[in-house]
Amino acid sequence: MRIALAALAALALTASPAMAQQNIIAPAPEIPAGITVESVMVPGASLAGNLEGNATAREAIVVLPPSYGKEPERRYPVVYYLHGFAIDGRNFYNFMRIPEAVNNNAGRGAEFIVVVPDSLTRLGGSMYSSSVTTGDFQAFIASDLVAYIDSHYRTIAMREGRGLAGHSMGGYGTWSIAMRHPGVFAAIWAQSACCVSPRRETVESATTLAAIPLADGIKADFGTRAALASMVAWSPNPQNAPYFADFPIKDGALDETVLAKWANNSPLAMVASHVTALKGYAAIGADVGDKDFLLADDTAIHEELTRFGIAHDWAVYDGDHVNRIGRRFDEVVLPFMARHLDKGQ
Amino acid sequence: MTRSLAALGAVCVSLLAFAAPAQAQEKARLNWVTFHSKAMEGNLEGNPADRGAYVVTPPGYDENPDKRYPVVYFLHGFFATPQMYQDMMKFEEAVDGAAAAGNDVILVMPDGFSKYRGGFYSNSVTTGNYEGFVGEDLVAWIDANYRTIAKPASRGLAGHSMGGYGTWRIAMKYPGTFSSIYAMSSCCLTPQPPSAEAMKQVEAMSADELANAGFAQLAPIATLSVWSPDPTNPPNYWYTGLKEDGTVDPLVEARFAANAPAAMLGQYVPALKSLEAIQIDIGDKDFLMQGNLAFKAELDRFGIAYGWEVYEGDHGNRIKDRIRSHVLPFFAIHLDRE
């Protein structure tokens, strides 16, 4: 809770001026001359029938590089960029100043299409997991979105031309989708990934959580919503309204069955049984700020990858959970993708 | 549709049999084949990447060179070699029985054995990538070397005990490969990491003691190499997580959770819902009843349709009969024929 609140404070401060209710708002970025930005609504067959009533058609912001309009035969690599918790795709795009990053990288000789999909849900974020309650956001990203972009833009429509990256919850999604949907993306980068270790609760925290009426849960603070959103993503239960999920407490004691389901969604726990998938990537990268509350967690997955001989770039930089991520997307993540994705020329 | 196609297939078989009565291959044939599994390369226990499998072809397979058949993949249990299963189950007789009922089928049982007597059809750098071996390499090799109907609608997956576990796991992780599954007396459905006490005993065991351990003692050890591997920790390359203060690193428990079908199911609902049919059975005296009931509750929670039968029996005493009376008839109904 403490750390989650710190994250909110950090992100809210940086992303100010305004915070509408509990989701973060950032002003629209400048769009450099030559960069084209489009907004498309992607139909999400994988999200159909979700029990939270989350929208199944999702906005994706598509940032096209300078030569896209001038070279009608050219195909481009695509970097899919996943946003964090308590923010939607558009405001993440705003905050990260993606058009500037795409323009800067074009200036360095690497042109990409960058796609920022939206996965905001009733409780603040999908966790990019497969849940009958929130929707199958794993398949939405790895199948529905990729198929839509490949059929509507001049992409290099194969694994070698696709990268996946994300920040915080999006870094978590990057790990999880990379392990469970191998073969779609060639290179991945997780920035300040959250939720790497298994999420636990105490009897006290779980009791408190389970007592929150849905109407209050939807409006709760960052930390409370993060706990609730994790629950609906990882221990969904269509028969347990109104959250349609199981709290990790039963008869006054922790429910280890529920906690096992949460552990099953921990990237740290998943690595050992997904080595084949991870070794199939052309390149893997991860980074975290030295003042980020997730430093220990992200270091743990770096060490687990090392233990299994999975090659990866790893950096701890001067920064916190938020203050350098936009710049690092521009100066580290996209150049990494430039080195490892098929550039089509 | 499936049934009428099956009937049509049966008619074709009898016509062809009349055409070539002299050379009729009257009985199913048991073949032991070996092939190279890329998925199994480089495992640290030295389990062979050249894997064996029994392949049973139905009566008339040779006489009907244009005919293609559905395939049932059967996964054997822990502590046993495929040969021990074959000796117990007599698969060629089961395939003969199915053929006599008009249900020609190819039956394949791959070798899931390992240094510690079972790879649990999982993916571990220590034991090897058995799930890839079965879910990808084996299916591709069988399709390339036998006259199969090489489509998911004509592939079934079944298994007993550790093989029932493998059936669930592979059905979740390789959607679109098999269209119906039958899990018999499945083990390991809920997470059961070894206790700190058990970890201490494991760490104290010599190579000889490990090699001679019995079923009950070896099962948790084998699951450790399968679900908590550690390539930096020779000679056994597993991670017990035992710390100096006598507690176990919670990562080990989490790794076991990440391999337990009851914990995994919520993430794989679309894969299971995409199956045409699921059947589960277990003996009323089976020690694995609790785990199967817990898993059944998970299936119910998500509205996944399945058949469920509790029969009079224990973990092993009815398996041979039920392969004949239930498993192959189930696939006769659900697998598409030509």
# chains A, B, ... in the order shown; residues from 1 in each chain; ligands from 1

call {"tool": "select_by_dssp", "arguments": {"residues": "segment 138-179 of chain A", "states": "strand (DSSP E)", "output": "list in words"}}
result
Arg162, Gly163, Leu164, Ala165, Gly166 and His167 of chain A

call {"tool": "write_last_selection", "arguments": {"atoms": "N, CA and C atoms", "output": "short mmCIF file (atom, residue, chain, number, x, y, z; two decimals), in the first residue's frame"}}
result
data_model
loop_
_atom_site.label_atom_id
_atom_site.label_comp_id
_atom_site.auth_asym_id
_atom_site.auth_seq_id
_atom_site.Cartn_x
_atom_site.Cartn_y
_atom_site.Cartn_z
N ARG A 162 8.33 -7.30 -35.00
CA ARG A 162 7.48 -6.82 -33.89
C ARG A 162 8.21 -6.80 -32.56
N GLY A 163 8.10 -5.66 -31.87
CA GLY A 163 8.64 -5.55 -30.53
C GLY A 163 7.52 -5.27 -29.54
N LEU A 164 7.74 -5.65 -28.29
CA LEU A 164 6.77 -5.42 -27.23
C LEU A 164 7.49 -4.77 -26.04
N ALA A 165 6.92 -3.67 -25.56
CA ALA A 165 7.51 -3.00 -24.41
C ALA A 165 6.38 -2.45 -23.55
N GLY A 166 6.71 -2.11 -22.31
CA GLY A 166 5.70 -1.54 -21.45
C GLY A 166 6.31 -1.02 -20.17
N HIS A 167 5.52 -0.19 -19.49
CA HIS A 167 5.98 0.41 -18.24
C HIS A 167 5.09 -0.02 -17.07
#

call {"tool": "closest_atom_pairs", "arguments": {"of": "segment 272-303 of chain A", "to": "segment 248-251 of chain B", "cutoff": "12 Å", "atoms": "only C-alpha atoms", "output": "tab-separated table"}}
result
residue	atom	partner	partner_atom	distance
A:Ala272	CA	B:Leu251	CA	10.4
A:Ala300	CA	B:Leu251	CA	10.5
A:Ile301	CA	B:Leu251	CA	11.3

call {"tool": "write_last_selection", "arguments": {"atoms": "N, CA and C atoms", "output": "mmCIF file, in the first residue's frame"}}
result
data_model
loop_
_atom_site.group_PDB
_atom_site.id
_atom_site.type_symbol
_atom_site.label_atom_id
_atom_site.label_comp_id
_atom_site.auth_asym_id
_atom_site.auth_seq_id
_atom_site.Cartn_x
_atom_site.Cartn_y
_atom_site.Cartn_z
ATOM 1 N N ALA A 272 10.878 -20.210 -14.658
ATOM 2 C CA ALA A 272 11.439 -21.567 -14.673
ATOM 3 C C ALA A 272 10.722 -22.500 -15.636
ATOM 4 N N ALA A 300 15.127 -9.121 -8.899
ATOM 5 C CA ALA A 300 14.880 -10.559 -8.706
ATOM 6 C C ALA A 300 14.648 -11.263 -10.045
ATOM 7 N N ILE A 301 13.918 -10.638 -10.957
ATOM 8 C CA ILE A 301 13.682 -11.334 -12.231
ATOM 9 C C ILE A 301 14.930 -11.274 -13.108
#

call {"tool": "residues_around", "arguments": {"residues": "segment 226-243 of chain B", "least_positions_apart": "5", "cutoff": "8 Å", "atoms": "only C-alpha atoms", "output": "mmCIF file with N, CA and C atoms, in the first residue's frame"}}
result
data_model
loop_
_atom_site.group_PDB
_atom_site.id
_atom_site.type_symbol
_atom_site.label_atom_id
_atom_site.label_comp_id
_atom_site.auth_asym_id
_atom_site.auth_seq_id
_atom_site.Cartn_x
_atom_site.Cartn_y
_atom_site.Cartn_z
ATOM 1 N N ALA A 272 10.878 -20.210 -14.658
ATOM 2 C CA ALA A 272 11.439 -21.567 -14.673
ATOM 3 C C ALA A 272 10.722 -22.500 -15.636
ATOM 4 N N SER A 273 9.418 -22.298 -15.837
ATOM 5 C CA SER A 273 8.688 -23.188 -16.748
ATOM 6 C C SER A 273 8.479 -22.577 -18.131
ATOM 7 N N ARG A 307 20.076 -16.826 -13.867
ATOM 8 C CA ARG A 307 20.193 -18.200 -13.385
ATOM 9 C C ARG A 307 19.916 -19.204 -14.504
ATOM 10 N N PHE A 308 18.963 -18.869 -15.366
ATOM 11 C CA PHE A 308 18.604 -19.790 -16.447
ATOM 12 C C PHE A 308 19.352 -19.510 -17.750
ATOM 13 N N LEU B 44 19.490 -31.120 -18.579
ATOM 14 C CA LEU B 44 20.655 -31.292 -17.715
ATOM 15 C C LEU B 44 20.724 -32.658 -17.044
ATOM 16 N N GLU B 45 19.629 -33.396 -17.040
ATOM 17 C CA GLU B 45 19.658 -34.749 -16.479
ATOM 18 C C GLU B 45 20.178 -35.766 -17.477
ATOM 19 N N GLY B 119 8.821 -37.132 -16.427
ATOM 20 C CA GLY B 119 9.041 -35.734 -16.808
ATOM 21 C C GLY B 119 7.804 -34.873 -16.620
ATOM 22 N N PHE B 120 6.707 -35.469 -16.194
ATOM 23 C CA PHE B 120 5.458 -34.742 -15.916
ATOM 24 C C PHE B 120 4.995 -33.897 -17.098
ATOM 25 N N SER B 122 6.119 -31.646 -18.602
ATOM 26 C CA SER B 122 6.312 -30.230 -18.302
ATOM 27 C C SER B 122 7.536 -29.723 -19.043
ATOM 28 N N ASN B 123 7.920 -28.510 -18.738
ATOM 29 C CA ASN B 123 9.045 -27.891 -19.445
ATOM 30 C C ASN B 123 10.062 -27.406 -18.426
ATOM 31 N N SER B 124 11.154 -28.157 -18.294
ATOM 32 C CA SER B 124 12.178 -27.844 -17.303
ATOM 33 C C SER B 124 13.547 -27.988 -17.944
ATOM 34 N N VAL B 125 14.444 -27.042 -17.686
ATOM 35 C CA VAL B 125 15.795 -27.171 -18.245
ATOM 36 C C VAL B 125 16.495 -28.390 -17.654
ATOM 37 N N THR B 126 16.068 -28.829 -16.479
ATOM 38 C CA THR B 126 16.708 -29.970 -15.828
ATOM 39 C C THR B 126 16.260 -31.291 -16.444
ATOM 40 N N THR B 127 14.942 -31.505 -16.530
ATOM 41 C CA THR B 127 14.456 -32.774 -17.081
ATOM 42 C C THR B 127 14.305 -32.735 -18.600
ATOM 43 N N ALA B 196 9.527 -28.302 4.122
ATOM 44 C CA ALA B 196 10.917 -28.018 4.475
ATOM 45 C C ALA B 196 11.606 -29.300 4.948
ATOM 46 N N MET B 199 12.470 -31.373 2.025
ATOM 47 C CA MET B 199 13.593 -30.758 1.302
ATOM 48 C C MET B 199 14.915 -31.124 1.971
ATOM 49 N N LYS B 200 14.903 -31.124 3.310
ATOM 50 C CA LYS B 200 16.115 -31.472 4.055
ATOM 51 C C LYS B 200 16.539 -32.904 3.734
ATOM 52 N N GLU B 203 18.001 -33.166 0.222
ATOM 53 C CA GLU B 203 19.361 -32.644 0.097
ATOM 54 C C GLU B 203 20.387 -33.605 0.681
ATOM 55 N N VAL B 248 11.860 -22.369 3.695
ATOM 56 C CA VAL B 248 12.032 -22.553 2.257
ATOM 57 C C VAL B 248 11.702 -21.245 1.537
ATOM 58 N N ASP B 249 12.544 -20.870 0.601
ATOM 59 C CA ASP B 249 12.305 -19.694 -0.240
ATOM 60 C C ASP B 249 10.890 -19.781 -0.835
ATOM 61 N N PRO B 250 10.049 -18.764 -0.603
ATOM 62 C CA PRO B 250 8.677 -18.819 -1.135
ATOM 63 C C PRO B 250 8.626 -18.956 -2.658
ATOM 64 N N LEU B 251 9.737 -18.654 -3.325
ATOM 65 C CA LEU B 251 9.761 -18.810 -4.783
ATOM 66 C C LEU B 251 9.461 -20.261 -5.190
ATOM 67 N N VAL B 252 9.900 -21.225 -4.377
ATOM 68 C CA VAL B 252 9.674 -22.634 -4.723
ATOM 69 C C VAL B 252 8.178 -22.942 -4.720
ATOM 70 N N ARG B 255 6.643 -21.383 -7.732
ATOM 71 C CA ARG B 255 6.906 -22.152 -8.953
ATOM 72 C C ARG B 255 5.974 -23.366 -9.038
ATOM 73 N N PHE B 256 5.737 -24.023 -7.926
ATOM 74 C CA PHE B 256 4.802 -25.156 -7.941
ATOM 75 C C PHE B 256 3.392 -24.678 -8.303
ATOM 76 N N ASN B 259 2.670 -24.287 -11.903
ATOM 77 C CA ASN B 259 2.571 -25.524 -12.681
ATOM 78 C C ASN B 259 1.392 -26.398 -12.259
#

call {"tool": "interface_residues", "arguments": {"of": "chain A", "to": "chain B", "cutoff": "9 Å", "atoms": "only C-alpha atoms", "output": "ChimeraX atom specification"}}
result
/A:46,129-132,136,180,197-198,233-239,257-266,268-276,307-309

call {"tool": "closest_residue", "arguments": {"among": "A:Thr202, A:Thr121, A:Thr306, A:Asn104", "to": "Ala229 of chain A", "atoms": "only C-alpha atoms"}}
result
A:Thr121

call {"tool": "closest_residue", "arguments": {"among": "B:Trp308, B:Tyr130, B:Phe295, B:Phe74", "to": "Glu41 of chain B", "atoms": "only C-alpha atoms"}}
result
B:Tyr130

call {"tool": "select_by_dssp", "arguments": {"residues": "segment 49-180 of chain B", "states": "alpha helix (DSSP H)", "output": "ChimeraX atom specification"}}
result
/B:82-89,91-100,130-132,139-145,162-173

call {"tool": "residues_around", "arguments": {"residues": "Ser114 of chain B", "least_positions_apart": "6", "cutoff": "9 Å", "atoms": "only C-alpha atoms", "output": "list in words"}}
result
Glu45, Gly46, Asn47, Pro48, Phe79, Thr81, Thr127, Gly128 and Ala222 of chain B

call {"tool": "write_last_selection", "arguments": {"atoms": "N, CA and C atoms", "output": "PDB file, in the first residue's frame"}}
result
ATOM      1  N   GLU B  45      19.629 -33.396 -17.040  1.00  0.00           N
ATOM      2  CA  GLU B  45      19.658 -34.749 -16.479  1.00  0.00           C
ATOM      3  C   GLU B  45      20.178 -35.766 -17.477  1.00  0.00           C
ATOM      4  N   GLY B  46      20.354 -35.327 -18.710  1.00  0.00           N
ATOM      5  CA  GLY B  46      20.805 -36.261 -19.736  1.00  0.00           C
ATOM      6  C   GLY B  46      19.719 -37.202 -20.210  1.00  0.00           C
ATOM      7  N   ASN B  47      18.459 -36.809 -20.072  1.00  0.00           N
ATOM      8  CA  ASN B  47      17.374 -37.617 -20.632  1.00  0.00           C
ATOM      9  C   ASN B  47      17.459 -37.539 -22.155  1.00  0.00           C
ATOM     10  N   PRO B  48      17.330 -38.674 -22.827  1.00  0.00           N
ATOM     11  CA  PRO B  48      17.587 -38.691 -24.275  1.00  0.00           C
ATOM     12  C   PRO B  48      16.645 -37.789 -25.071  1.00  0.00           C
ATOM     13  N   PHE B  79       6.790 -43.144 -12.599  1.00  0.00           N
ATOM     14  CA  PHE B  79       7.515 -44.296 -12.066  1.00  0.00           C
ATOM     15  C   PHE B  79       7.519 -45.464 -13.049  1.00  0.00           C
ATOM     16  N   THR B  81       7.815 -47.013 -17.105  1.00  0.00           N
ATOM     17  CA  THR B  81       8.251 -46.815 -18.482  1.00  0.00           C
ATOM     18  C   THR B  81       7.055 -47.072 -19.401  1.00  0.00           C
ATOM     19  N   THR B 127      14.942 -31.505 -16.530  1.00  0.00           N
ATOM     20  CA  THR B 127      14.456 -32.774 -17.081  1.00  0.00           C
ATOM     21  C   THR B 127      14.305 -32.735 -18.600  1.00  0.00           C
ATOM     22  N   GLY B 128      13.973 -31.581 -19.121  1.00  0.00           N
ATOM     23  CA  GLY B 128      13.739 -31.453 -20.551  1.00  0.00           C
ATOM     24  C   GLY B 128      12.351 -30.912 -20.833  1.00  0.00           C
ATOM     25  N   ALA B 222      11.048 -35.926  -8.000  1.00  0.00           N
ATOM     26  CA  ALA B 222      10.902 -35.749  -9.450  1.00  0.00           C
ATOM     27  C   ALA B 222      10.211 -34.426  -9.761  1.00  0.00           C
TER      28      ALA B 222
END

call {"tool": "decode", "arguments": {"residues": "segment 58-80 of chain A", "atoms": "N, CA and C atoms", "output": "compact mmCIF listing (two decimals), in the first residue's frame"}}
result
# COMPACT_ATOMS: atom_id res chain seq x y z
N ARG A 58 -11.25 -1.17 -28.45
CA ARG A 58 -10.31 -0.37 -27.67
C ARG A 58 -9.56 0.60 -28.57
N GLU A 59 -9.33 1.81 -28.03
CA GLU A 59 -8.55 2.76 -28.81
C GLU A 59 -7.09 2.32 -28.85
N ALA A 60 -6.48 2.47 -30.01
CA ALA A 60 -5.03 2.32 -30.11
C ALA A 60 -4.51 3.55 -30.83
N ILE A 61 -3.49 4.16 -30.26
CA ILE A 61 -2.86 5.31 -30.91
C ILE A 61 -1.72 4.77 -31.76
N VAL A 62 -1.72 5.16 -33.02
CA VAL A 62 -0.72 4.66 -33.95
C VAL A 62 0.14 5.84 -34.40
N VAL A 63 1.41 5.79 -34.09
CA VAL A 63 2.33 6.87 -34.45
C VAL A 63 3.18 6.40 -35.63
N LEU A 64 3.03 7.12 -36.73
CA LEU A 64 3.72 6.72 -37.97
C LEU A 64 4.97 7.56 -38.16
N PRO A 65 6.05 6.95 -38.64
CA PRO A 65 7.33 7.66 -38.79
C PRO A 65 7.32 8.58 -40.02
N PRO A 66 8.32 9.46 -40.14
CA PRO A 66 8.32 10.51 -41.17
C PRO A 66 8.20 10.00 -42.60
N SER A 67 8.82 8.87 -42.92
CA SER A 67 8.80 8.45 -44.32
C SER A 67 7.53 7.69 -44.70
N TYR A 68 6.67 7.41 -43.71
CA TYR A 68 5.51 6.53 -43.98
C TYR A 68 4.65 7.05 -45.12
N GLY A 69 4.39 8.35 -45.13
CA GLY A 69 3.54 8.92 -46.18
C GLY A 69 4.25 9.12 -47.51
N LYS A 70 5.56 9.09 -47.47
CA LYS A 70 6.33 9.39 -48.69
C LYS A 70 6.77 8.14 -49.44
N GLU A 71 6.83 7.03 -48.74
CA GLU A 71 7.32 5.81 -49.38
C GLU A 71 6.23 4.74 -49.30
N PRO A 72 5.30 4.79 -50.26
CA PRO A 72 4.09 3.97 -50.16
C PRO A 72 4.33 2.47 -50.26
N GLU A 73 5.52 2.06 -50.63
CA GLU A 73 5.80 0.62 -50.73
C GLU A 73 6.51 0.10 -49.48
N ARG A 74 6.99 1.02 -48.67
CA ARG A 74 7.86 0.60 -47.56
C ARG A 74 7.06 0.00 -46.41
N ARG A 75 7.63 -1.02 -45.79
CA ARG A 75 7.03 -1.63 -44.61
C ARG A 75 7.91 -1.35 -43.39
N TYR A 76 7.28 -1.32 -42.23
CA TYR A 76 7.97 -0.86 -41.02
C TYR A 76 7.84 -1.85 -39.87
N PRO A 77 8.87 -1.89 -39.04
CA PRO A 77 8.72 -2.65 -37.79
C PRO A 77 7.76 -1.91 -36.85
N VAL A 78 7.12 -2.65 -35.98
CA VAL A 78 6.15 -2.07 -35.05
C VAL A 78 6.58 -2.35 -33.61
N VAL A 79 6.55 -1.31 -32.79
CA VAL A 79 6.76 -1.51 -31.36
C VAL A 79 5.43 -1.27 -30.65
N TYR A 80 4.95 -2.29 -29.97
CA TYR A 80 3.72 -2.20 -29.19
C TYR A 80 4.13 -1.79 -27.78
